[in-house]
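Dumped input24.txt below, it's compact mmCIF, C-alpha atoms:
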```txt
# COMPACT_ATOMS: atom_id res chain seq x y z
CA MET A 1 136.79 27.06 -25.66
CA ALA A 2 134.37 29.97 -25.45
CA GLN A 3 131.05 30.00 -27.25
CA ALA A 4 128.61 32.80 -27.97
CA MET A 5 125.40 33.36 -29.85
CA LEU A 6 125.18 36.27 -32.26
CA ALA A 7 122.27 37.45 -34.38
CA ALA A 8 122.96 39.02 -37.78
CA ARG A 9 120.97 40.20 -40.75
CA ILE A 10 121.93 40.15 -44.41
CA ARG A 11 123.18 43.54 -45.51
CA GLU A 12 121.84 44.86 -48.79
CA THR A 13 123.94 48.02 -48.95
CA LYS A 14 127.62 48.29 -49.76
CA GLY A 15 130.28 50.96 -49.71
CA LYS A 16 131.70 53.40 -47.18
CA GLY A 17 128.67 55.74 -47.14
CA ALA A 18 126.30 52.89 -46.31
CA ALA A 19 128.77 51.52 -43.74
CA ARG A 20 128.97 54.92 -42.03
CA LYS A 21 125.19 55.14 -41.87
CA LEU A 22 125.08 51.74 -40.19
CA ARG A 23 127.73 52.77 -37.66
CA ASN A 24 125.77 55.93 -36.87
CA ASN A 25 122.72 53.75 -36.19
CA ASN A 26 124.64 51.68 -33.62
CA GLN A 27 125.24 48.82 -36.03
CA VAL A 28 128.38 47.22 -37.41
CA PRO A 29 128.95 45.99 -40.97
CA ALA A 30 130.34 42.47 -41.14
CA VAL A 31 130.99 39.68 -43.61
CA PHE A 32 130.61 35.93 -43.36
CA TYR A 33 132.58 33.56 -45.57
CA GLY A 34 134.19 30.15 -45.55
CA PRO A 35 135.92 27.52 -47.66
CA GLN A 36 132.60 26.29 -49.08
CA THR A 37 130.57 29.49 -48.62
CA GLU A 38 130.22 32.53 -50.82
CA PRO A 39 130.86 35.78 -48.91
CA VAL A 40 127.67 37.16 -47.36
CA PRO A 41 127.59 40.81 -46.24
CA LEU A 42 126.01 41.12 -42.79
CA VAL A 43 124.96 43.74 -40.31
CA LEU A 44 125.19 43.28 -36.54
CA ASP A 45 123.86 45.22 -33.60
CA TYR A 46 126.78 46.96 -31.91
CA PRO A 47 125.76 46.29 -28.28
CA GLU A 48 125.25 42.62 -29.08
CA LEU A 49 128.70 42.35 -30.67
CA ILE A 50 130.25 44.08 -27.66
CA ARG A 51 128.45 41.70 -25.30
CA ALA A 52 129.62 38.67 -27.31
CA LEU A 53 133.25 39.81 -27.51
CA LYS A 54 133.77 41.35 -24.09
CA GLY A 55 131.48 39.04 -22.16
CA THR A 56 133.41 35.97 -23.28
CA LYS A 57 136.85 35.06 -22.05
CA GLY A 58 139.59 35.14 -24.66
CA ASP A 59 139.61 36.06 -28.33
CA ASN A 60 139.07 32.60 -29.74
CA ILE A 61 135.31 32.28 -29.62
CA ILE A 62 133.08 29.92 -31.56
CA PHE A 63 130.03 31.87 -32.64
CA ASP A 64 126.63 30.45 -33.42
CA LEU A 65 125.86 33.00 -36.08
CA GLN A 66 122.12 33.30 -36.67
CA ILE A 67 121.70 34.93 -40.06
CA GLN A 68 118.25 36.37 -40.71
CA SER A 69 117.21 36.60 -44.34
CA ASP A 70 114.01 36.59 -46.40
CA LYS A 71 114.15 32.79 -46.46
CA GLY A 72 114.30 32.60 -42.66
CA ALA A 73 117.03 32.19 -40.06
CA GLN A 74 120.06 29.98 -40.57
CA THR A 75 122.64 29.14 -37.92
CA HIS A 76 126.30 28.73 -38.83
CA LYS A 77 129.34 27.93 -36.72
CA ALA A 78 131.96 30.62 -37.21
CA ILE A 79 135.05 32.15 -35.68
CA LEU A 80 136.02 35.80 -35.70
CA LYS A 81 138.67 35.88 -38.39
CA ASP A 82 139.38 39.59 -38.24
CA VAL A 83 138.01 42.70 -36.62
CA GLN A 84 138.74 46.32 -37.52
CA ILE A 85 139.03 48.72 -34.60
CA HIS A 86 139.04 52.52 -34.66
CA PRO A 87 142.60 53.62 -33.74
CA ILE A 88 141.47 56.38 -31.36
CA LYS A 89 137.98 55.50 -30.13
CA GLY A 90 138.62 51.77 -29.93
CA THR A 91 135.18 51.01 -31.37
CA TYR A 92 134.56 48.08 -33.69
CA LEU A 93 134.28 49.13 -37.34
CA HIS A 94 133.95 45.82 -39.16
CA ALA A 95 134.03 42.11 -38.39
CA ASP A 96 134.94 39.08 -40.51
CA PHE A 97 133.36 35.74 -39.59
CA TYR A 98 134.85 32.54 -40.99
CA GLU A 99 132.71 29.44 -41.25
CA ILE A 100 134.09 26.36 -39.52
CA SER A 101 133.26 22.70 -39.41
CA MET A 102 133.54 21.03 -36.00
CA ASP A 103 135.35 18.01 -37.49
CA LYS A 104 137.91 19.97 -39.51
CA GLU A 105 141.11 21.44 -38.11
CA ILE A 106 141.45 25.22 -38.10
CA ARG A 107 144.37 27.55 -37.59
CA VAL A 108 144.03 30.06 -34.80
CA ARG A 109 146.29 32.59 -33.11
CA VAL A 110 146.66 31.97 -29.40
CA PRO A 111 148.14 34.61 -27.08
CA ILE A 112 151.14 33.47 -25.04
CA ARG A 113 151.20 34.59 -21.42
CA LEU A 114 154.40 34.48 -19.41
CA VAL A 115 153.86 33.56 -15.77
CA ASN A 116 156.18 33.95 -12.77
CA ASN A 117 159.23 36.15 -12.43
CA PRO A 118 162.42 34.81 -14.04
CA ILE A 119 165.58 34.41 -11.94
CA GLY A 120 167.40 36.62 -14.43
CA VAL A 121 165.06 39.55 -13.76
CA THR A 122 165.84 39.45 -10.04
CA LYS A 123 169.52 39.69 -11.02
CA GLY A 124 168.86 42.81 -13.10
CA GLY A 125 168.08 41.30 -16.50
CA ILE A 126 165.20 42.40 -18.72
CA LEU A 127 162.51 39.93 -19.72
CA GLN A 128 161.68 40.42 -23.39
CA HIS A 129 158.49 38.87 -24.68
CA VAL A 130 159.58 38.40 -28.28
CA ARG A 131 156.63 36.43 -29.66
CA ARG A 132 153.24 37.11 -28.12
CA GLU A 133 151.12 34.84 -30.28
CA LEU A 134 151.42 31.29 -31.50
CA VAL A 135 149.59 29.92 -34.52
CA ILE A 136 148.19 26.51 -33.70
CA SER A 137 146.22 23.96 -35.65
CA CYS A 138 143.43 22.13 -33.82
CA LEU A 139 139.84 21.01 -33.99
CA PRO A 140 137.43 23.79 -33.02
CA ASP A 141 136.43 22.06 -29.78
CA ARG A 142 140.11 21.89 -28.76
CA MET A 143 140.60 25.63 -29.20
CA ILE A 144 142.26 27.37 -26.27
CA ASP A 145 142.05 30.95 -24.99
CA SER A 146 145.72 31.37 -24.12
CA LEU A 147 148.92 29.48 -23.49
CA GLU A 148 150.62 30.01 -20.15
CA VAL A 149 154.35 29.50 -20.02
CA ASP A 150 156.37 29.36 -16.82
CA VAL A 151 159.49 31.48 -17.20
CA SER A 152 160.71 31.28 -13.59
CA GLY A 153 163.73 29.19 -14.63
CA LEU A 154 165.11 31.70 -17.13
CA ASP A 155 168.44 33.25 -16.13
CA ILE A 156 170.22 36.15 -17.83
CA GLY A 157 170.98 35.11 -21.42
CA ASP A 158 168.48 32.24 -21.40
CA SER A 159 165.71 32.02 -23.93
CA LEU A 160 162.54 30.07 -24.40
CA HIS A 161 161.58 28.60 -27.77
CA ILE A 162 158.43 27.11 -29.22
CA LYS A 163 159.91 23.64 -28.89
CA ASP A 164 160.21 24.16 -25.10
CA MET A 165 156.48 24.74 -24.72
CA ASP A 166 154.04 22.05 -23.66
CA LEU A 167 151.03 22.36 -25.91
CA PRO A 168 147.69 20.92 -24.78
CA GLU A 169 146.55 17.62 -26.23
CA GLY A 170 144.97 17.94 -29.67
CA THR A 171 146.82 21.12 -30.59
CA LYS A 172 150.02 21.52 -32.58
CA SER A 173 152.11 24.49 -33.55
CA ILE A 174 152.48 25.17 -37.24
CA GLN A 175 155.34 27.60 -36.74
CA ASP A 176 159.05 26.83 -36.78
CA GLU A 177 159.90 25.20 -33.45
CA ASN A 178 163.12 27.18 -33.15
CA LEU A 179 161.38 30.55 -32.95
CA THR A 180 161.98 32.46 -29.72
CA ILE A 181 159.13 33.18 -27.31
CA ALA A 182 160.97 35.05 -24.57
CA VAL A 183 164.49 35.98 -23.62
CA VAL A 184 166.07 37.46 -20.52
CA ALA A 185 168.53 40.03 -21.82
CA ALA A 186 171.46 41.38 -19.85
CA PRO A 187 171.06 45.02 -18.82
CA THR A 188 173.13 47.01 -21.28
CA VAL A 189 174.52 50.37 -20.29
CA SER A 190 175.59 52.22 -23.42
CA ALA A 191 178.25 54.95 -23.42
CA GLU A 192 175.50 57.54 -24.01
CA LYS A 193 173.56 56.32 -20.98
CA ALA A 194 176.70 56.38 -18.85
CA ILE A 195 177.31 60.01 -19.87
CA GLU A 196 173.67 60.88 -19.09
CA GLU A 197 173.91 59.22 -15.69
CA GLU A 198 177.12 61.11 -14.92
CA ALA A 199 175.45 64.39 -15.93
CA GLU A 200 172.45 63.58 -13.73
CA ALA A 201 174.71 62.75 -10.79
CA GLU A 202 176.53 66.08 -11.27
CA ALA A 203 173.21 67.97 -11.46
CA GLU A 204 172.03 66.30 -8.27
CA ALA A 205 175.31 67.20 -6.55
CA GLU A 206 174.89 70.82 -7.62
CA GLU A 207 171.30 70.88 -6.34
CA LEU A 208 172.51 69.58 -2.99
CA ALA A 209 175.27 72.17 -2.87
CA GLU A 210 172.96 75.15 -3.64
CA PRO A 211 171.02 75.37 -0.32
CA VAL A 212 174.31 75.53 1.62
CA THR A 213 175.43 78.66 -0.28
CA GLU A 214 172.01 80.27 0.22
CA SER A 215 172.13 79.70 3.95
CA THR A 216 175.61 81.27 4.16
CA GLU A 217 174.34 84.37 2.29
CA GLU A 218 171.43 84.73 4.68
CA SER A 219 173.63 84.42 7.72
CA MET B 220 169.49 62.31 -34.40
CA LEU B 221 167.54 60.07 -36.73
CA SER B 222 167.80 60.78 -40.47
CA PRO B 223 167.79 58.74 -43.68
CA LYS B 224 171.16 57.53 -44.93
CA LYS B 225 170.34 58.26 -48.55
CA VAL B 226 167.38 59.78 -50.36
CA LYS B 227 166.36 59.82 -54.00
CA TYR B 228 165.27 63.48 -53.98
CA ARG B 229 166.57 66.20 -51.64
CA LYS B 230 163.37 68.23 -51.43
CA ARG B 231 159.79 67.11 -51.08
CA GLN B 232 156.41 68.80 -51.33
CA ARG B 233 154.88 69.73 -48.04
CA GLY B 234 151.62 67.79 -48.38
CA ARG B 235 148.81 67.71 -45.83
CA THR B 236 147.75 65.19 -43.27
CA LYS B 237 144.36 63.53 -43.57
CA GLY B 238 142.74 60.56 -41.90
CA LYS B 239 143.75 58.27 -39.07
CA ALA B 240 146.77 56.01 -38.67
CA PHE B 241 145.20 52.60 -39.11
CA ARG B 242 148.64 51.10 -39.64
CA GLY B 243 151.05 51.39 -36.73
CA SER B 244 148.22 52.09 -34.31
CA SER B 245 148.54 49.03 -32.09
CA LEU B 246 151.22 47.93 -29.66
CA GLN B 247 153.56 45.43 -31.32
CA PHE B 248 156.59 45.08 -29.06
CA GLY B 249 156.14 46.45 -25.56
CA ASP B 250 153.49 46.42 -22.85
CA TYR B 251 152.99 50.19 -22.78
CA GLY B 252 153.06 52.84 -25.45
CA LEU B 253 152.60 56.48 -26.33
CA GLN B 254 149.90 57.17 -28.92
CA ALA B 255 149.36 60.36 -30.91
CA LEU B 256 145.85 61.81 -30.74
CA GLU B 257 146.34 64.57 -33.29
CA CYS B 258 148.14 64.90 -36.57
CA GLY B 259 151.36 66.81 -37.04
CA LEU B 260 154.99 66.70 -38.02
CA MET B 261 157.42 65.27 -35.49
CA THR B 262 160.96 66.48 -36.04
CA ALA B 263 164.03 64.35 -35.48
CA HIS B 264 164.91 66.66 -32.57
CA GLN B 265 161.53 66.07 -30.93
CA ILE B 266 161.83 62.30 -31.41
CA GLU B 267 165.22 62.41 -29.68
CA ALA B 268 164.06 64.79 -26.92
CA ALA B 269 161.11 62.55 -26.05
CA ARG B 270 163.34 59.46 -26.12
CA VAL B 271 165.82 61.10 -23.75
CA ALA B 272 162.95 62.08 -21.42
CA VAL B 273 161.78 58.46 -21.28
CA THR B 274 165.30 57.05 -20.84
CA ARG B 275 166.13 59.49 -18.04
CA HIS B 276 162.96 58.73 -16.13
CA VAL B 277 163.25 54.97 -16.51
CA LYS B 278 166.97 55.10 -15.60
CA ARG B 279 167.79 51.37 -15.59
CA GLY B 280 165.94 48.44 -17.05
CA GLY B 281 163.31 48.45 -19.68
CA LYS B 282 163.54 48.37 -23.43
CA ILE B 283 162.29 51.18 -25.61
CA TRP B 284 161.13 51.00 -29.21
CA ILE B 285 160.82 54.09 -31.40
CA ARG B 286 158.00 53.38 -33.85
CA VAL B 287 158.40 56.45 -36.05
CA PHE B 288 161.19 57.54 -38.36
CA PRO B 289 161.75 61.05 -39.76
CA ASP B 290 162.04 60.36 -43.48
CA LYS B 291 160.61 63.61 -44.86
CA PRO B 292 162.93 66.58 -45.53
CA VAL B 293 161.73 70.05 -44.56
CA GLY B 294 163.33 73.29 -45.68
CA LYS B 295 163.85 76.63 -43.93
CA LYS B 296 164.68 79.96 -45.50
CA PRO B 297 167.54 81.96 -43.96
CA ALA B 298 166.69 84.86 -41.63
CA GLU B 299 165.86 88.24 -43.20
CA THR B 300 165.32 86.76 -46.63
CA ARG B 301 162.63 88.02 -48.99
CA MET B 302 160.01 85.51 -50.04
CA GLY B 303 160.38 83.74 -53.34
CA LYS B 304 163.62 82.89 -55.13
CA GLY B 305 162.92 79.20 -55.04
CA LYS B 306 162.44 76.50 -52.47
CA ALA B 307 164.43 76.69 -49.26
CA ALA B 308 167.40 74.46 -48.57
CA PRO B 309 166.72 71.29 -46.55
CA ASP B 310 166.97 72.04 -42.84
CA GLY B 311 165.86 68.89 -41.07
CA TRP B 312 163.83 65.72 -41.09
CA VAL B 313 160.31 65.08 -39.87
CA ALA B 314 157.97 62.13 -39.44
CA VAL B 315 154.38 62.63 -40.57
CA ILE B 316 152.11 61.63 -37.70
CA LYS B 317 148.42 60.81 -37.97
CA PRO B 318 146.04 60.37 -35.02
CA GLY B 319 146.31 56.89 -33.57
CA ARG B 320 149.99 56.37 -34.39
CA ILE B 321 152.03 54.60 -31.73
CA LEU B 322 155.19 56.66 -31.25
CA TYR B 323 157.11 54.77 -28.59
CA GLU B 324 156.76 51.46 -26.81
CA ILE B 325 158.36 50.25 -23.62
CA GLU B 326 158.72 46.92 -21.86
CA GLY B 327 160.30 45.74 -18.64
CA VAL B 328 159.19 48.58 -16.35
CA ALA B 329 156.28 49.08 -13.95
CA LYS B 330 153.10 50.66 -15.27
CA ASP B 331 153.38 53.82 -13.16
CA VAL B 332 157.01 54.35 -14.24
CA ALA B 333 156.06 53.93 -17.90
CA ALA B 334 153.07 56.27 -17.52
CA GLU B 335 155.17 59.01 -15.96
CA ALA B 336 157.97 58.55 -18.51
CA PHE B 337 155.51 58.91 -21.38
CA ARG B 338 153.82 61.89 -19.72
CA LEU B 339 157.20 63.64 -19.68
CA ALA B 340 157.87 62.56 -23.27
CA GLY B 341 154.45 63.85 -24.39
CA HIS B 342 155.40 67.35 -23.24
CA LYS B 343 158.21 67.37 -25.82
CA LEU B 344 155.82 66.78 -28.70
CA PRO B 345 153.75 69.24 -30.76
CA PHE B 346 150.47 67.29 -30.50
CA ALA B 347 148.32 65.63 -27.86
CA THR B 348 149.26 62.10 -26.85
CA ARG B 349 148.00 59.42 -24.53
CA PHE B 350 149.41 56.49 -22.63
CA VAL B 351 148.22 53.11 -23.88
CA VAL B 352 148.45 49.69 -22.25
CA ARG B 353 148.48 46.33 -23.97
CA ARG B 354 145.16 44.54 -23.69
CA SER B 355 145.81 41.44 -21.56
```
Translate this structure into structure tokens?
Amino acid sequence: MAQAMLAARIRETKGKGAARKLRNNNQVPAVFYGPQTEPVPLVLDYPELIRALKGTKGDNIIFDLQIQSDKGAQTHKAILKDVQIHPIKGTYLHADFYEISMDKEIRVRVPIRLVNNPIGVTKGGILQHVRRELVISCLPDRMIDSLEVDVSGLDIGDSLHIKDMDLPEGTKSIQDENLTIAVVAAPTVSAEKAIEEEAEAEAEAEELAEPVTESTEES
Amino acid sequence: MLSPKKVKYRKRQRGRTKGKAFRGSSLQFGDYGLQALECGLMTAHQIEAARVAVTRHVKRGGKIWIRVFPDKPVGKKPAETRMGKGKAAPDGWVAVIKPGRILYEIEGVAKDVAAEAFRLAGHKLPFATRFVVRRS
């Protein structure tokens, strides 16, 4: 479980024009809300957000959100519920923080990482990572960065399901246990591919044949 | 060639492309992808040409996803025709592409193979593209 401290101020302005001004001033608009909390518009410093997100391992981070207002500073526990990213620049455009209670279970998305090379891949199969995230329910202090799954035993045609995974203590999946995580598919050669391969082989044969004719002309 | 099976109207207004592709701008299936950096219209022929370029370079193994579909009809007037006299007959299908759109994804190949395959595919397209890698 990763933790980070983040300072924020209450945002008075709303709308896309105001949001653009903030982004131009190296700040990011954000919002903080929760089951018992009214949504509070916030503004964050961009470098601080970058440091908190990229300096911490994994995406599931518990933030100590220090919100500065006229009444003083208040600290709330929160997770990053959503973040908007610019499709080209990759910069952060907006962040959603969701208030959590340390004694109440939350639902988080955990990335699934496949480790080791399956037997089926060495035989020519293709490892397909069908489901890359798992939604788990756990207490905030039991939150995990990622789930590692050993796929070395998968042969061609074998698949791995949620029910085959060993989840850490204190966490449980809330998705259907029959959903597929990974599968080793047989290499399929379609008729079109076969034709293309034949054409390539012919082209290569022609290329090989060409230098011989040139040399005969020269001689 | 990709084309819709059935459409409600044969001809469509040309329109113009504004903004960025916020939807369809992240990798969903594969480990590597080809992302558009400019806007434009991608014809069904170009989609197929780029796919063939990727398939030929990868040869065996790997799975490719095409993330765009040409669902917009475009017309073309016959050669040596005077302007006017109504809208041209439908000639082909295009996909409207905005900057940021993921066009293709691939999985099951090495990074350098995927990068080269997408470099070759990018040369078939009428806009700038870049190779993107899934964030681990």
Legend entry - Residue list for chain B near chain A as JSON, numbers by chain, 9 Å, only C-alpha atoms: {"B": [239, 240, 241, 242, 244, 245, 247, 248, 249, 254, 255, 256, 274, 275, 278, 279, 280, 281, 282, 318, 319, 320, 326, 327, 328, 355]}
Legend entry - Between CA of Leu139 (chain A) and CA of Gly170 (chain A) - distance in Å to one decimal: 7.4 Å
Legend entry - Point-to-point distance in Å for CA of Gly238 (chain B) and CA of Leu260 (chain B):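 Taking CA of Leu260 (chain B) and CA of Gly238 (chain B), their separation equals 14.2 Å.
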Inset, instruction - Identify, on the basis of all atoms listed in the file, every residue whose closest approach to region 99-108 of chain A does not exceed 6 Å; exclude the query and any residue fewer than 4 positions from it along the same chain; express the result as a list in words. - result: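 Neighbouring residues, sequence-local ones excluded: Tyr33, Gly34, Lys77, Ala78, Val135, Ile136, Ser137, Cys138, Leu139 and Pro140 of chain A.
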Inset, instruction - Can you work out which one of B:Asp250, B:Pro292, B:Gln265, B:Trp284 has the shortest atom-to-atom distance to Pro223 (chain B), counting all atoms listed in the file? - result: B:Pro292
Legend entry - Nearby residues (only C-alpha atoms) at most 12 Å from Glu267 (chain B), same-chain spacing under 3 positions excluded, as a list of chain:residue names: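 Selected residues are B:Met220, B:Leu221, B:Ser222, B:Met261, B:Thr262, B:Ala263, B:His264, B:Arg270, B:Val271, B:Ala272, B:Val273, B:Thr274, B:Ile285, B:Val287, B:Phe288, B:Pro289, B:Trp312, B:Val313, B:Leu322, B:Tyr323, B:Ala340, B:Lys343, B:Leu344.
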Inset, instruction - Just give me the gap between CA of Val83 (chain A) and CA of Ile112 (chain A) in Å, one decimal is fine. - result: 19.8 Å
Inset, instruction - Skip Asp310 (chain B) itself and residues of its chain fewer than 2 positions away, then list as an NGL selection string all residues within 7 Å of it, counting all atoms listed in the file. - result: :B and (293-295 or 308)
Inset, instruction - Point out the residue among A:Met5, A:Leu154, A:Ala30, A:Ile62 with the least atom-to-atom distance to Val184 (chain A), counting all atoms listed in the file. - result: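 Smallest distance to Val184 (chain A) is found for A:Leu154.
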Any idea what's packed within 9 Å of Arg338 (chain B), counting only C-alpha atoms, ignoring anything in its chain fewer than 6 positions away? Could you give it as a PDB file with C-alpha atoms, in the coordinates of the input?
```
ATOM      1  CA  LEU B 253     152.600  56.480 -26.330  1.00  0.00           C
ATOM      2  CA  VAL B 273     161.780  58.460 -21.280  1.00  0.00           C
ATOM      3  CA  THR B 348     149.260  62.100 -26.850  1.00  0.00           C
ATOM      4  CA  ARG B 349     148.000  59.420 -24.530  1.00  0.00           C
ATOM      5  CA  PHE B 350     149.410  56.490 -22.630  1.00  0.00           C
TER       6      PHE B 350
END
```
How would region 302-326 of chain B of the given structure read as a file with N, CA and C atoms, as a PDB file, in the first residue's frame?
```pdb
ATOM      1  N   MET B 302     -18.613  20.764 -62.635  1.00  0.00           N
ATOM      2  CA  MET B 302     -19.052  20.870 -61.251  1.00  0.00           C
ATOM      3  C   MET B 302     -20.568  21.063 -61.191  1.00  0.00           C
ATOM      4  N   GLY B 303     -21.135  20.753 -60.091  1.00  0.00           N
ATOM      5  CA  GLY B 303     -22.573  20.893 -59.912  1.00  0.00           C
ATOM      6  C   GLY B 303     -23.293  19.612 -60.246  1.00  0.00           C
ATOM      7  N   LYS B 304     -24.556  19.746 -60.578  1.00  0.00           N
ATOM      8  CA  LYS B 304     -25.424  18.601 -60.940  1.00  0.00           C
ATOM      9  C   LYS B 304     -25.544  17.591 -59.794  1.00  0.00           C
ATOM     10  N   GLY B 305     -25.529  18.110 -58.611  1.00  0.00           N
ATOM     11  CA  GLY B 305     -25.807  17.218 -57.466  1.00  0.00           C
ATOM     12  C   GLY B 305     -24.592  16.548 -56.872  1.00  0.00           C
ATOM     13  N   LYS B 306     -24.848  15.893 -55.756  1.00  0.00           N
ATOM     14  CA  LYS B 306     -23.775  15.263 -54.976  1.00  0.00           C
ATOM     15  C   LYS B 306     -23.283  14.007 -55.689  1.00  0.00           C
ATOM     16  N   ALA B 307     -21.995  13.774 -55.582  1.00  0.00           N
ATOM     17  CA  ALA B 307     -21.384  12.635 -56.280  1.00  0.00           C
ATOM     18  C   ALA B 307     -21.854  11.304 -55.695  1.00  0.00           C
ATOM     19  N   ALA B 308     -21.708  10.280 -56.486  1.00  0.00           N
ATOM     20  CA  ALA B 308     -22.095   8.938 -56.042  1.00  0.00           C
ATOM     21  C   ALA B 308     -21.081   8.428 -55.016  1.00  0.00           C
ATOM     22  N   PRO B 309     -21.535   7.627 -54.046  1.00  0.00           N
ATOM     23  CA  PRO B 309     -20.598   7.094 -53.048  1.00  0.00           C
ATOM     24  C   PRO B 309     -19.478   6.301 -53.723  1.00  0.00           C
ATOM     25  N   ASP B 310     -18.251   6.543 -53.250  1.00  0.00           N
ATOM     26  CA  ASP B 310     -17.085   5.923 -53.877  1.00  0.00           C
ATOM     27  C   ASP B 310     -16.299   5.044 -52.899  1.00  0.00           C
ATOM     28  N   GLY B 311     -16.440   5.312 -51.625  1.00  0.00           N
ATOM     29  CA  GLY B 311     -15.680   4.517 -50.654  1.00  0.00           C
ATOM     30  C   GLY B 311     -16.083   4.878 -49.243  1.00  0.00           C
ATOM     31  N   TRP B 312     -15.346   4.302 -48.307  1.00  0.00           N
ATOM     32  CA  TRP B 312     -15.656   4.483 -46.893  1.00  0.00           C
ATOM     33  C   TRP B 312     -14.429   4.999 -46.174  1.00  0.00           C
ATOM     34  N   VAL B 313     -14.654   5.905 -45.229  1.00  0.00           N
ATOM     35  CA  VAL B 313     -13.531   6.436 -44.453  1.00  0.00           C
ATOM     36  C   VAL B 313     -13.866   6.405 -42.957  1.00  0.00           C
ATOM     37  N   ALA B 314     -12.795   6.430 -42.160  1.00  0.00           N
ATOM     38  CA  ALA B 314     -12.938   6.578 -40.712  1.00  0.00           C
ATOM     39  C   ALA B 314     -12.431   7.980 -40.370  1.00  0.00           C
ATOM     40  N   VAL B 315     -13.179   8.705 -39.570  1.00  0.00           N
ATOM     41  CA  VAL B 315     -12.761  10.047 -39.158  1.00  0.00           C
ATOM     42  C   VAL B 315     -11.802   9.894 -37.975  1.00  0.00           C
ATOM     43  N   ILE B 316     -10.598  10.421 -38.149  1.00  0.00           N
ATOM     44  CA  ILE B 316      -9.562  10.238 -37.133  1.00  0.00           C
ATOM     45  C   ILE B 316      -9.223  11.585 -36.497  1.00  0.00           C
ATOM     46  N   LYS B 317      -9.216  11.581 -35.178  1.00  0.00           N
ATOM     47  CA  LYS B 317      -8.800  12.782 -34.430  1.00  0.00           C
ATOM     48  C   LYS B 317      -7.460  12.496 -33.768  1.00  0.00           C
ATOM     49  N   PRO B 318      -6.690  13.554 -33.458  1.00  0.00           N
ATOM     50  CA  PRO B 318      -5.385  13.324 -32.806  1.00  0.00           C
ATOM     51  C   PRO B 318      -5.560  12.575 -31.488  1.00  0.00           C
ATOM     52  N   GLY B 319      -4.722  11.584 -31.290  1.00  0.00           N
ATOM     53  CA  GLY B 319      -4.774  10.790 -30.063  1.00  0.00           C
ATOM     54  C   GLY B 319      -5.404   9.429 -30.253  1.00  0.00           C
ATOM     55  N   ARG B 320      -6.087   9.226 -31.376  1.00  0.00           N
ATOM     56  CA  ARG B 320      -6.803   7.976 -31.617  1.00  0.00           C
ATOM     57  C   ARG B 320      -5.824   6.803 -31.780  1.00  0.00           C
ATOM     58  N   ILE B 321      -6.092   5.716 -31.091  1.00  0.00           N
ATOM     59  CA  ILE B 321      -5.303   4.502 -31.288  1.00  0.00           C
ATOM     60  C   ILE B 321      -5.869   3.782 -32.510  1.00  0.00           C
ATOM     61  N   LEU B 322      -5.012   3.511 -33.488  1.00  0.00           N
ATOM     62  CA  LEU B 322      -5.475   2.931 -34.749  1.00  0.00           C
ATOM     63  C   LEU B 322      -5.353   1.408 -34.752  1.00  0.00           C
ATOM     64  N   TYR B 323      -4.212   0.942 -34.288  1.00  0.00           N
ATOM     65  CA  TYR B 323      -3.959  -0.504 -34.251  1.00  0.00           C
ATOM     66  C   TYR B 323      -3.324  -0.849 -32.909  1.00  0.00           C
ATOM     67  N   GLU B 324      -3.521  -2.092 -32.500  1.00  0.00           N
ATOM     68  CA  GLU B 324      -2.812  -2.581 -31.316  1.00  0.00           C
ATOM     69  C   GLU B 324      -2.262  -3.948 -31.652  1.00  0.00           C
ATOM     70  N   ILE B 325      -1.188  -4.311 -30.976  1.00  0.00           N
ATOM     71  CA  ILE B 325      -0.583  -5.620 -31.228  1.00  0.00           C
ATOM     72  C   ILE B 325      -0.098  -6.208 -29.907  1.00  0.00           C
ATOM     73  N   GLU B 326      -0.126  -7.537 -29.861  1.00  0.00           N
ATOM     74  CA  GLU B 326       0.313  -8.249 -28.669  1.00  0.00           C
ATOM     75  C   GLU B 326       1.009  -9.535 -29.104  1.00  0.00           C
TER      76      GLU B 326
END
```
